[in-house]
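Listing of start.pdb, PDB, C-alpha atoms and all ligand atoms
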```pdb
MODEL        1
ATOM      1  CA  MET G   1     -50.675   0.461  37.424  1.00  0.00           C
ATOM      2  CA  THR G   2     -53.520   1.331  35.087  1.00  0.00           C
ATOM      3  CA  ILE G   3     -55.699   4.425  35.056  1.00  0.00           C
ATOM      4  CA  ALA G   4     -59.006   4.109  33.245  1.00  0.00           C
ATOM      5  CA  TYR G   5     -61.123   6.766  31.508  1.00  0.00           C
ATOM      6  CA  GLY G   6     -63.115   8.864  33.954  1.00  0.00           C
ATOM      7  CA  GLU G   7     -61.559   7.223  36.994  1.00  0.00           C
ATOM      8  CA  SER G   8     -60.268   9.062  40.068  1.00  0.00           C
ATOM      9  CA  VAL G   9     -57.283   7.505  41.815  1.00  0.00           C
ATOM     10  CA  ALA G  10     -55.471   8.497  45.004  1.00  0.00           C
ATOM     11  CA  LEU G  11     -51.728   7.852  45.342  1.00  0.00           C
ATOM     12  CA  MET G  12     -50.442   7.548  48.915  1.00  0.00           C
ATOM     13  CA  GLY G  13     -47.213   6.629  50.646  1.00  0.00           C
ATOM     14  CA  PRO G  14     -44.651   8.040  53.061  1.00  0.00           C
ATOM     15  CA  SER G  15     -42.679  11.207  52.326  1.00  0.00           C
ATOM     16  CA  GLY G  16     -39.800  10.478  49.967  1.00  0.00           C
ATOM     17  CA  CYS G  17     -41.242   7.176  48.666  1.00  0.00           C
ATOM     18  CA  GLY G  18     -41.468   8.547  45.120  1.00  0.00           C
ATOM     19  CA  LYS G  19     -45.003   9.879  44.612  1.00  0.00           C
ATOM     20  CA  THR G  20     -43.955  13.138  42.937  1.00  0.00           C
ATOM     21  CA  THR G  21     -41.377  11.228  40.894  1.00  0.00           C
ATOM     22  CA  LEU G  22     -44.019   8.756  39.661  1.00  0.00           C
ATOM     23  CA  LEU G  23     -46.417  11.583  38.875  1.00  0.00           C
ATOM     24  CA  SER G  24     -43.695  13.440  36.947  1.00  0.00           C
ATOM     25  CA  ILE G  25     -42.944  10.294  34.936  1.00  0.00           C
ATOM     26  CA  LEU G  26     -46.636   9.658  34.181  1.00  0.00           C
ATOM     27  CA  ALA G  27     -47.046  13.303  33.142  1.00  0.00           C
ATOM     28  CA  GLY G  28     -44.071  13.015  30.766  1.00  0.00           C
ATOM     29  CA  LEU G  29     -41.975  15.551  32.698  1.00  0.00           C
ATOM     30  CA  MET G  30     -39.350  12.927  33.597  1.00  0.00           C
ATOM     31  CA  LEU G  31     -38.192   9.726  31.890  1.00  0.00           C
ATOM     32  CA  PRO G  32     -38.226   6.406  33.766  1.00  0.00           C
ATOM     33  CA  ASP G  33     -34.907   4.559  34.190  1.00  0.00           C
ATOM     34  CA  THR G  34     -36.754   1.281  33.709  1.00  0.00           C
ATOM     35  CA  GLY G  35     -40.318   0.230  32.989  1.00  0.00           C
ATOM     36  CA  LYS G  36     -42.768   1.150  30.295  1.00  0.00           C
ATOM     37  CA  LEU G  37     -45.581   3.620  29.765  1.00  0.00           C
ATOM     38  CA  ASP G  38     -48.544   3.296  27.417  1.00  0.00           C
ATOM     39  CA  TYR G  39     -51.162   5.944  26.739  1.00  0.00           C
ATOM     40  CA  TRP G  40     -54.459   5.548  24.921  1.00  0.00           C
ATOM     41  CA  PHE G  41     -56.068   8.916  24.339  1.00  0.00           C
ATOM     42  CA  PRO G  42     -59.347   9.062  22.396  1.00  0.00           C
ATOM     43  CA  GLY G  43     -58.713   9.783  18.716  1.00  0.00           C
ATOM     44  CA  LEU G  44     -54.909   9.533  19.011  1.00  0.00           C
ATOM     45  CA  PRO G  45     -52.572   6.668  18.179  1.00  0.00           C
ATOM     46  CA  SER G  46     -51.320   4.905  21.330  1.00  0.00           C
ATOM     47  CA  THR G  47     -47.942   6.163  22.466  1.00  0.00           C
ATOM     48  CA  ASP G  48     -45.263   5.409  25.061  1.00  0.00           C
ATOM     49  CA  ARG G  49     -44.393   9.100  25.526  1.00  0.00           C
ATOM     50  CA  LEU G  50     -46.451  12.080  26.519  1.00  0.00           C
ATOM     51  CA  THR G  51     -45.094  14.773  24.250  1.00  0.00           C
ATOM     52  CA  ALA G  52     -45.407  18.467  25.099  1.00  0.00           C
ATOM     53  CA  ALA G  53     -48.077  18.805  22.407  1.00  0.00           C
ATOM     54  CA  ILE G  54     -50.238  16.004  23.858  1.00  0.00           C
ATOM     55  CA  ARG G  55     -49.684  17.371  27.350  1.00  0.00           C
ATOM     56  CA  ARG G  56     -50.689  20.887  26.329  1.00  0.00           C
ATOM     57  CA  HIS G  57     -53.982  19.735  24.804  1.00  0.00           C
ATOM     58  CA  HIS G  58     -55.022  16.784  26.958  1.00  0.00           C
ATOM     59  CA  VAL G  59     -53.237  16.851  30.310  1.00  0.00           C
ATOM     60  CA  GLY G  60     -53.559  19.118  33.352  1.00  0.00           C
ATOM     61  CA  ILE G  61     -51.107  19.274  36.244  1.00  0.00           C
ATOM     62  CA  VAL G  62     -51.627  20.759  39.711  1.00  0.00           C
ATOM     63  CA  PHE G  63     -48.125  21.072  41.172  1.00  0.00           C
ATOM     64  CA  GLN G  64     -47.159  20.463  44.806  1.00  0.00           C
ATOM     65  CA  SER G  65     -45.988  24.087  44.984  1.00  0.00           C
ATOM     66  CA  ILE G  66     -48.793  25.896  43.204  1.00  0.00           C
ATOM     67  CA  HIS G  67     -46.740  28.031  40.727  1.00  0.00           C
ATOM     68  CA  LEU G  68     -49.287  30.703  39.794  1.00  0.00           C
ATOM     69  CA  ILE G  69     -47.897  33.678  37.882  1.00  0.00           C
ATOM     70  CA  PRO G  70     -47.820  36.477  40.493  1.00  0.00           C
ATOM     71  CA  THR G  71     -48.181  39.390  38.053  1.00  0.00           C
ATOM     72  CA  LEU G  72     -51.305  37.974  36.387  1.00  0.00           C
ATOM     73  CA  THR G  73     -54.863  38.050  37.717  1.00  0.00           C
ATOM     74  CA  VAL G  74     -56.839  34.949  38.668  1.00  0.00           C
ATOM     75  CA  LEU G  75     -58.669  35.043  35.330  1.00  0.00           C
ATOM     76  CA  GLU G  76     -55.409  35.451  33.369  1.00  0.00           C
ATOM     77  CA  ASN G  77     -53.733  32.596  35.260  1.00  0.00           C
ATOM     78  CA  VAL G  78     -56.620  30.303  34.250  1.00  0.00           C
ATOM     79  CA  GLU G  79     -56.466  31.546  30.641  1.00  0.00           C
ATOM     80  CA  ILE G  80     -52.703  30.954  30.211  1.00  0.00           C
ATOM     81  CA  PRO G  81     -52.768  27.248  29.142  1.00  0.00           C
ATOM     82  CA  MET G  82     -55.337  28.008  26.444  1.00  0.00           C
ATOM     83  CA  PHE G  83     -52.870  30.148  24.473  1.00  0.00           C
ATOM     84  CA  GLY G  84     -51.619  27.927  21.646  1.00  0.00           C
ATOM     85  CA  VAL G  85     -54.611  25.574  22.053  1.00  0.00           C
ATOM     86  CA  GLU G  86     -57.664  27.830  21.594  1.00  0.00           C
ATOM     87  CA  LYS G  87     -57.147  30.504  18.936  1.00  0.00           C
ATOM     88  CA  SER G  88     -60.261  32.550  19.665  1.00  0.00           C
ATOM     89  CA  ALA G  89     -59.626  35.164  22.373  1.00  0.00           C
ATOM     90  CA  ASP G  90     -63.390  35.331  23.002  1.00  0.00           C
ATOM     91  CA  ARG G  91     -63.627  31.592  23.574  1.00  0.00           C
ATOM     92  CA  ARG G  92     -60.559  31.639  25.844  1.00  0.00           C
ATOM     93  CA  LEU G  93     -62.058  34.382  27.971  1.00  0.00           C
ATOM     94  CA  HIS G  94     -65.452  32.675  28.030  1.00  0.00           C
ATOM     95  CA  ARG G  95     -63.935  29.390  29.179  1.00  0.00           C
ATOM     96  CA  ALA G  96     -61.733  31.128  31.787  1.00  0.00           C
ATOM     97  CA  ARG G  97     -64.799  32.899  33.210  1.00  0.00           C
ATOM     98  CA  GLU G  98     -66.769  29.638  33.221  1.00  0.00           C
ATOM     99  CA  VAL G  99     -63.997  27.819  35.123  1.00  0.00           C
ATOM    100  CA  VAL G 100     -63.511  30.669  37.615  1.00  0.00           C
ATOM    101  CA  GLU G 101     -67.267  30.755  38.263  1.00  0.00           C
ATOM    102  CA  ARG G 102     -67.508  26.994  38.662  1.00  0.00           C
ATOM    103  CA  LEU G 103     -64.744  27.095  41.264  1.00  0.00           C
ATOM    104  CA  GLY G 104     -66.531  29.827  43.219  1.00  0.00           C
ATOM    105  CA  LEU G 105     -63.780  32.340  42.448  1.00  0.00           C
ATOM    106  CA  SER G 106     -65.719  35.000  40.514  1.00  0.00           C
ATOM    107  CA  ALA G 107     -65.205  37.594  43.262  1.00  0.00           C
ATOM    108  CA  PHE G 108     -61.433  37.101  42.907  1.00  0.00           C
ATOM    109  CA  ALA G 109     -61.281  37.100  39.087  1.00  0.00           C
ATOM    110  CA  ASP G 110     -59.381  40.394  38.831  1.00  0.00           C
ATOM    111  CA  MET G 111     -57.189  39.895  41.892  1.00  0.00           C
ATOM    112  CA  ARG G 112     -53.593  38.703  41.931  1.00  0.00           C
ATOM    113  CA  PRO G 113     -52.459  35.503  43.692  1.00  0.00           C
ATOM    114  CA  HIS G 114     -50.940  37.314  46.720  1.00  0.00           C
ATOM    115  CA  GLN G 115     -54.408  38.684  47.566  1.00  0.00           C
ATOM    116  CA  LEU G 116     -55.835  35.138  47.923  1.00  0.00           C
ATOM    117  CA  SER G 117     -55.747  32.548  50.694  1.00  0.00           C
ATOM    118  CA  GLY G 118     -53.853  29.285  50.221  1.00  0.00           C
ATOM    119  CA  GLY G 119     -57.069  27.362  49.510  1.00  0.00           C
ATOM    120  CA  GLU G 120     -58.281  29.953  47.009  1.00  0.00           C
ATOM    121  CA  ARG G 121     -54.904  29.899  45.260  1.00  0.00           C
ATOM    122  CA  GLN G 122     -55.067  26.126  45.075  1.00  0.00           C
ATOM    123  CA  ARG G 123     -58.494  26.367  43.408  1.00  0.00           C
ATOM    124  CA  VAL G 124     -57.023  28.776  40.824  1.00  0.00           C
ATOM    125  CA  ALA G 125     -54.286  26.201  40.124  1.00  0.00           C
ATOM    126  CA  ILE G 126     -57.023  23.587  39.637  1.00  0.00           C
ATOM    127  CA  GLY G 127     -58.879  25.907  37.284  1.00  0.00           C
ATOM    128  CA  ARG G 128     -55.701  26.390  35.279  1.00  0.00           C
ATOM    129  CA  ALA G 129     -55.132  22.627  35.091  1.00  0.00           C
ATOM    130  CA  PHE G 130     -58.683  22.072  33.773  1.00  0.00           C
ATOM    131  CA  ALA G 131     -58.839  25.059  31.399  1.00  0.00           C
ATOM    132  CA  ASN G 132     -58.320  22.981  28.249  1.00  0.00           C
ATOM    133  CA  ARG G 133     -60.792  20.272  29.353  1.00  0.00           C
ATOM    134  CA  PRO G 134     -58.006  17.702  29.804  1.00  0.00           C
ATOM    135  CA  ILE G 135     -58.751  13.989  29.817  1.00  0.00           C
ATOM    136  CA  LEU G 136     -55.981  13.281  32.318  1.00  0.00           C
ATOM    137  CA  VAL G 137     -55.196  15.388  35.372  1.00  0.00           C
ATOM    138  CA  PHE G 138     -52.414  14.951  37.925  1.00  0.00           C
ATOM    139  CA  ALA G 139     -52.609  16.759  41.271  1.00  0.00           C
ATOM    140  CA  ASP G 140     -49.689  16.593  43.712  1.00  0.00           C
ATOM    141  CA  GLU G 141     -50.852  17.097  47.318  1.00  0.00           C
ATOM    142  CA  PRO G 142     -53.439  19.718  46.352  1.00  0.00           C
ATOM    143  CA  THR G 143     -54.666  19.949  49.951  1.00  0.00           C
ATOM    144  CA  GLY G 144     -51.206  19.796  51.546  1.00  0.00           C
ATOM    145  CA  ASN G 145     -51.371  22.951  53.670  1.00  0.00           C
ATOM    146  CA  LEU G 146     -55.119  23.387  54.050  1.00  0.00           C
ATOM    147  CA  ASP G 147     -57.596  23.006  56.919  1.00  0.00           C
ATOM    148  CA  THR G 148     -60.455  20.504  56.646  1.00  0.00           C
ATOM    149  CA  VAL G 149     -63.006  22.932  55.191  1.00  0.00           C
ATOM    150  CA  SER G 150     -60.655  24.360  52.524  1.00  0.00           C
ATOM    151  CA  SER G 151     -59.441  20.872  51.810  1.00  0.00           C
ATOM    152  CA  ASP G 152     -63.050  19.712  51.201  1.00  0.00           C
ATOM    153  CA  HIS G 153     -63.571  22.636  48.789  1.00  0.00           C
ATOM    154  CA  VAL G 154     -60.426  21.738  46.871  1.00  0.00           C
ATOM    155  CA  VAL G 155     -61.360  18.044  46.611  1.00  0.00           C
ATOM    156  CA  GLN G 156     -64.893  18.896  45.500  1.00  0.00           C
ATOM    157  CA  ALA G 157     -63.442  21.328  42.930  1.00  0.00           C
ATOM    158  CA  LEU G 158     -61.165  18.607  41.558  1.00  0.00           C
ATOM    159  CA  LEU G 159     -63.922  15.977  41.356  1.00  0.00           C
ATOM    160  CA  ASP G 160     -66.440  18.445  39.937  1.00  0.00           C
ATOM    161  CA  MET G 161     -64.062  19.634  37.199  1.00  0.00           C
ATOM    162  CA  ALA G 162     -63.032  16.067  36.372  1.00  0.00           C
ATOM    163  CA  SER G 163     -66.641  14.892  36.090  1.00  0.00           C
ATOM    164  CA  GLN G 164     -67.469  17.862  33.838  1.00  0.00           C
ATOM    165  CA  THR G 165     -64.812  16.754  31.367  1.00  0.00           C
ATOM    166  CA  ASN G 166     -65.185  13.024  32.174  1.00  0.00           C
ATOM    167  CA  GLY G 167     -61.441  13.150  32.771  1.00  0.00           C
ATOM    168  CA  SER G 168     -59.252  10.796  34.782  1.00  0.00           C
ATOM    169  CA  LEU G 169     -57.707  12.095  37.963  1.00  0.00           C
ATOM    170  CA  LEU G 170     -54.591  11.008  39.869  1.00  0.00           C
ATOM    171  CA  VAL G 171     -54.281  12.754  43.229  1.00  0.00           C
ATOM    172  CA  VAL G 172     -51.225  12.416  45.461  1.00  0.00           C
ATOM    173  CA  THR G 173     -52.254  12.895  49.076  1.00  0.00           C
ATOM    174  CA  HIS G 174     -51.202  12.198  52.665  1.00  0.00           C
ATOM    175  CA  ASN G 175     -54.788  12.730  53.810  1.00  0.00           C
ATOM    176  CA  PRO G 176     -56.874   9.518  54.157  1.00  0.00           C
ATOM    177  CA  GLY G 177     -60.086  11.604  54.018  1.00  0.00           C
ATOM    178  CA  VAL G 178     -59.066  13.022  50.624  1.00  0.00           C
ATOM    179  CA  ALA G 179     -58.019   9.585  49.377  1.00  0.00           C
ATOM    180  CA  ALA G 180     -61.380   8.114  50.433  1.00  0.00           C
ATOM    181  CA  CYS G 181     -63.155  10.562  48.055  1.00  0.00           C
ATOM    182  CA  MET G 182     -61.466   8.891  45.052  1.00  0.00           C
ATOM    183  CA  ASP G 183     -62.682   5.723  43.278  1.00  0.00           C
ATOM    184  CA  ARG G 184     -59.565   3.826  44.252  1.00  0.00           C
ATOM    185  CA  ILE G 185     -56.407   4.143  46.346  1.00  0.00           C
ATOM    186  CA  LEU G 186     -52.879   3.165  45.283  1.00  0.00           C
ATOM    187  CA  THR G 187     -50.174   3.084  47.934  1.00  0.00           C
ATOM    188  CA  ILE G 188     -46.419   2.915  47.408  1.00  0.00           C
ATOM    189  CA  VAL G 189     -44.971   0.383  49.849  1.00  0.00           C
ATOM    190  CA  ASP G 190     -41.230  -0.357  49.803  1.00  0.00           C
ATOM    191  CA  GLY G 191     -40.912   1.063  46.304  1.00  0.00           C
ATOM    192  CA  ARG G 192     -43.828  -0.876  44.828  1.00  0.00           C
ATOM    193  CA  ILE G 193     -47.360   0.196  43.990  1.00  0.00           C
ATOM    194  CA  VAL G 194     -50.031  -1.672  45.918  1.00  0.00           C
ATOM    195  CA  THR G 195     -53.540  -1.583  44.478  1.00  0.00           C
ATOM    196  CA  ASN G 196     -56.601  -1.367  46.688  1.00  0.00           C
ATOM    197  CA  GLY G 197     -59.605  -2.429  44.656  1.00  0.00           C
ATOM    198  CA  ALA G 198     -59.791  -2.150  40.882  1.00  0.00           C
ATOM    199  CA  LYS G 199     -62.034  -0.634  38.304  1.00  0.00           C
ATOM    200  CA  ALA G 200     -60.619  -0.801  34.822  1.00  0.00           C
ATOM    201  CA  PRO G 201     -63.325  -0.956  32.136  1.00  0.00           C
ATOM    202  CA  ALA G 202     -61.345   0.894  29.454  1.00  0.00           C
ATOM    203  CA  ARG G 203     -57.696   1.754  29.674  1.00  0.00           C
ATOM    204  CA  LEU G 204     -56.449   5.303  29.376  1.00  0.00           C
ATOM    205  CA  GLY G 205     -52.865   4.605  30.288  1.00  0.00           C
ATOM    206  CA  THR G 206     -50.637   2.125  32.050  1.00  0.00           C
ATOM    207  CA  ALA G 207     -47.198   2.140  33.553  1.00  0.00           C
ATOM    208  CA  SER G 208     -45.171  -0.794  34.790  1.00  0.00           C
TER     209      SER G 208
HETATM  210  N1  LIG A   1     -34.436  15.332  40.754  1.00  0.00           N
HETATM  211  C1  LIG A   1     -34.064  14.398  41.618  1.00  0.00           C
HETATM  212  N2  LIG A   1     -32.853  13.797  41.520  1.00  0.00           N
HETATM  213  C2  LIG A   1     -32.477  12.833  42.390  1.00  0.00           C
HETATM  214  N3  LIG A   1     -33.243  12.397  43.408  1.00  0.00           N
HETATM  215  C3  LIG A   1     -34.444  12.956  43.559  1.00  0.00           C
HETATM  216  C4  LIG A   1     -34.930  13.990  42.688  1.00  0.00           C
HETATM  217  N4  LIG A   1     -36.170  14.344  43.094  1.00  0.00           N
HETATM  218  C5  LIG A   1     -36.447  13.588  44.158  1.00  0.00           C
HETATM  219  N5  LIG A   1     -35.433  12.756  44.444  1.00  0.00           N
HETATM  220  C6  LIG A   1     -35.377  11.743  45.518  1.00  0.00           C
HETATM  221  O1  LIG A   1     -36.273  10.700  45.147  1.00  0.00           O
HETATM  222  C7  LIG A   1     -37.003  10.254  46.273  1.00  0.00           C
HETATM  223  C8  LIG A   1     -38.497  10.411  46.005  1.00  0.00           C
HETATM  224  O2  LIG A   1     -38.814  11.787  45.944  1.00  0.00           O
HETATM  225  P1  LIG A   1     -40.283  12.298  45.666  1.00  0.00           P
HETATM  226  O3  LIG A   1     -40.227  13.784  45.555  1.00  0.00           O
HETATM  227  O4  LIG A   1     -40.862  11.551  44.519  1.00  0.00           O
HETATM  228  O5  LIG A   1     -41.016  11.848  47.031  1.00  0.00           O
HETATM  229  P2  LIG A   1     -42.535  12.038  47.474  1.00  0.00           P
HETATM  230  O6  LIG A   1     -43.090  10.681  47.711  1.00  0.00           O
HETATM  231  O7  LIG A   1     -43.237  12.921  46.526  1.00  0.00           O
HETATM  232  O8  LIG A   1     -42.351  12.766  48.877  1.00  0.00           O
HETATM  233  P3  LIG A   1     -43.259  13.920  49.578  1.00  0.00           P
HETATM  234  O9  LIG A   1     -44.452  13.214  50.158  1.00  0.00           O
HETATM  235  O10 LIG A   1     -42.335  14.453  50.643  1.00  0.00           O
HETATM  236  O11 LIG A   1     -43.605  14.950  48.548  1.00  0.00           O
HETATM  237  C9  LIG A   1     -36.510  11.080  47.458  1.00  0.00           C
HETATM  238  O12 LIG A   1     -35.581  10.295  48.153  1.00  0.00           O
HETATM  239  C10 LIG A   1     -35.867  12.288  46.830  1.00  0.00           C
HETATM  240  O13 LIG A   1     -34.830  12.773  47.637  1.00  0.00           O
HETATM  241 MG    MG A   2     -44.018  14.877  46.640  1.00  0.00          MG
ENDMDL
END
```

Once you've parsed the file, please lay out its structure as structure tokens.
Amino acid sequence: MTIAYGESVALMGPSGCGKTTLLSILAGLMLPDTGKLDYWFPGLPSTDRLTAAIRRHHVGIVFQSIHLIPTLTVLENVEIPMFGVEKSADRRLHRAREVVERLGLSAFADMRPHQLSGGERQRVAIGRAFANRPILVFADEPTGNLDTVSSDHVVQALLDMASQTNGSLLVVTHNPGVAACMDRILTIVDGRIVTNGAKAPARLGTAS
């Protein structure tokens, strides 16, 4: 599979087929037993491994189980990934506020995750993933437990944030409506990735 700059891709397939595993490998959180990865990030030498440093600066991950920090506010949860990347506290706060506003979460900025609905929490997790303006974002079933309206908000939030940074997006989903919002759909069938359509002007990364 290849993911191009600025492209949004849906990854589908039955439960247990390996979507989260593939996403974890692509995000550098797990090593593949076989196969090869190649990443081309702007301004960086090509590499076959996403190191923690590259991930911190250029990659965002929205996990299947959201993982917000319960003791921190919405604003602080969004600010967290910028520590170690953006030295200026003013700029961190400014960016966190910008992201929270863009996701329609300003009214919740000072609240803690337990005071939010599932959909609102998911939007905070998206904000956190996009805080550092990543060029590659992975989202694992971001609309898993949401109704249609909340699900639409979450998908729009993902696409809006990705277009703001011109980032590439890989979204794991069981929802055909969510998948249809992406440029292209990949499905895992019998352990292999099947490509529906293609759009690969410039490569960001490939795995085989
Ligand atoms: N850490 C692990 N060690 C060994 N096997 C694992 C591990 N994590 C997942 N698996 C197995 O690998 C297979 C793929 O799991 P994975 O979580 O990638 O599925 P998935 O496609 O994301 O499913 P779902 O749609 O339910 O989230 C499953 O059979 C699972 O039991
Ligand atoms: Mg999964």

*Distance of CA of Val155 (chain G) from CA of Ser117 (chain G), expressed in Å to one decimal place*: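 CA of Val155 (chain G) lies 16.1 Å from CA of Ser117 (chain G).
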
*Please write out the residues within 12 Å of ligand MG 2 (chain A) as a ChimeraX atom specification, counting only C-alpha atoms and all ligand atoms.*
/G:11-24,62-65,139-142,144,171-174

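Against the coordinates shown, the PyMOL selection byres (((chain G and resi 177-192) around 6) and not hetatm) returns Ser8, Val9, Ala10, Leu11, Met12, Gly13, Asn175, Pro176, Ile193, Val194, Thr195 and Asn196 of chain G.
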
Those selected residues, please, written with C-alpha atoms and delivered as a PDB file, keeping the file's coordinate frame.
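Listed below is the output, selection-v7.pdb:
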```pdb
ATOM      1  CA  SER G   8     -60.268   9.062  40.068  1.00  0.00           C
ATOM      2  CA  VAL G   9     -57.283   7.505  41.815  1.00  0.00           C
ATOM      3  CA  ALA G  10     -55.471   8.497  45.004  1.00  0.00           C
ATOM      4  CA  LEU G  11     -51.728   7.852  45.342  1.00  0.00           C
ATOM      5  CA  MET G  12     -50.442   7.548  48.915  1.00  0.00           C
ATOM      6  CA  GLY G  13     -47.213   6.629  50.646  1.00  0.00           C
ATOM      7  CA  ASN G 175     -54.788  12.730  53.810  1.00  0.00           C
ATOM      8  CA  PRO G 176     -56.874   9.518  54.157  1.00  0.00           C
ATOM      9  CA  ILE G 193     -47.360   0.196  43.990  1.00  0.00           C
ATOM     10  CA  VAL G 194     -50.031  -1.672  45.918  1.00  0.00           C
ATOM     11  CA  THR G 195     -53.540  -1.583  44.478  1.00  0.00           C
ATOM     12  CA  ASN G 196     -56.601  -1.367  46.688  1.00  0.00           C
TER      13      ASN G 196
END
```

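This file gives the following result for the PyMOL selection byres (((chain G and resi 108-116) around 7) and not hetatm): Leu68, Pro70, Thr71, Leu72, Thr73, Val74, Leu75, Val100, Leu105, Ser106, Ala107, Ser117, Gly118, Glu120 and Arg121 of chain G.
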
Just need the box for ligand LIG 1 (chain A), edges along x, y and z, holding every atom the file lists for it with 4 Å tacked onto each side, so centre and edge lengths in Å to one decimal, as lines of an AutoDock Vina configuration file.
```
center_x = -38.5
center_y = 12.8
center_z = 45.7
size_x = 20.0
size_y = 13.1
size_z = 17.9
```

*CA of Asn132 (chain G) to CA of Phe83 (chain G), straight-line distance in Å*: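 Computed distance, CA of Phe83 (chain G) to CA of Asn132 (chain G), equals 9.8 Å.
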
*May I ask which of the residues G:His57, G:Arg97, G:Arg92, G:Arg123 is the closest one to His153 (chain G), counting all atoms listed in the file?*
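Closest candidate: G:Arg123.
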
*atom C8 of ligand LIG 1 (chain A) and CA of Leu31 (chain G), how far apart in Å?*
14.1 Å

*Among the residues G:Gln122, G:Arg49, G:Leu26, G:Gly84, the one that comes closest to ligand LIG 1 (chain A) [using all atoms listed in the file]*: G:Leu26

*asked:* When you count all atoms listed in the file, which of these residues is closest to ligand LIG 1 (chain A): G:Asp33, G:Glu98, G:Glu7, G:Asp152?
replied: G:Asp33

*Nearest to Ala96 (chain G): which of G:Val137, G:Ala27, G:Ala129, G:Ile69 is it, counting all atoms listed in the file?*
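Once distances to Ala96 (chain G) are computed over all atoms listed in the file, the minimum belongs to G:Ala129.
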
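The nearest approach to ligand LIG 1 (chain A) among the residues G:Val99, G:Ala4, G:Met30, G:Ala131, with all atoms listed in the file taken into account, belongs to G:Met30.
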
*asked:* What would the selection look like, as a ChimeraX atom specification, if the PyMOL selection byres (((chain G and resi 165) around 8) and not hetatm) were run on the coordinates I just shared?
replied: /G:133-135,161-164,166-167

*asked:* Could you check the closest approach to ligand LIG 1 (chain A) for each of G:Pro32, G:Thr148, G:Arg55, G:Trp40 and tell me which residue wins, using all atoms listed in the file?
replied: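 Closest to ligand LIG 1 (chain A), using all atoms listed in the file: G:Pro32.
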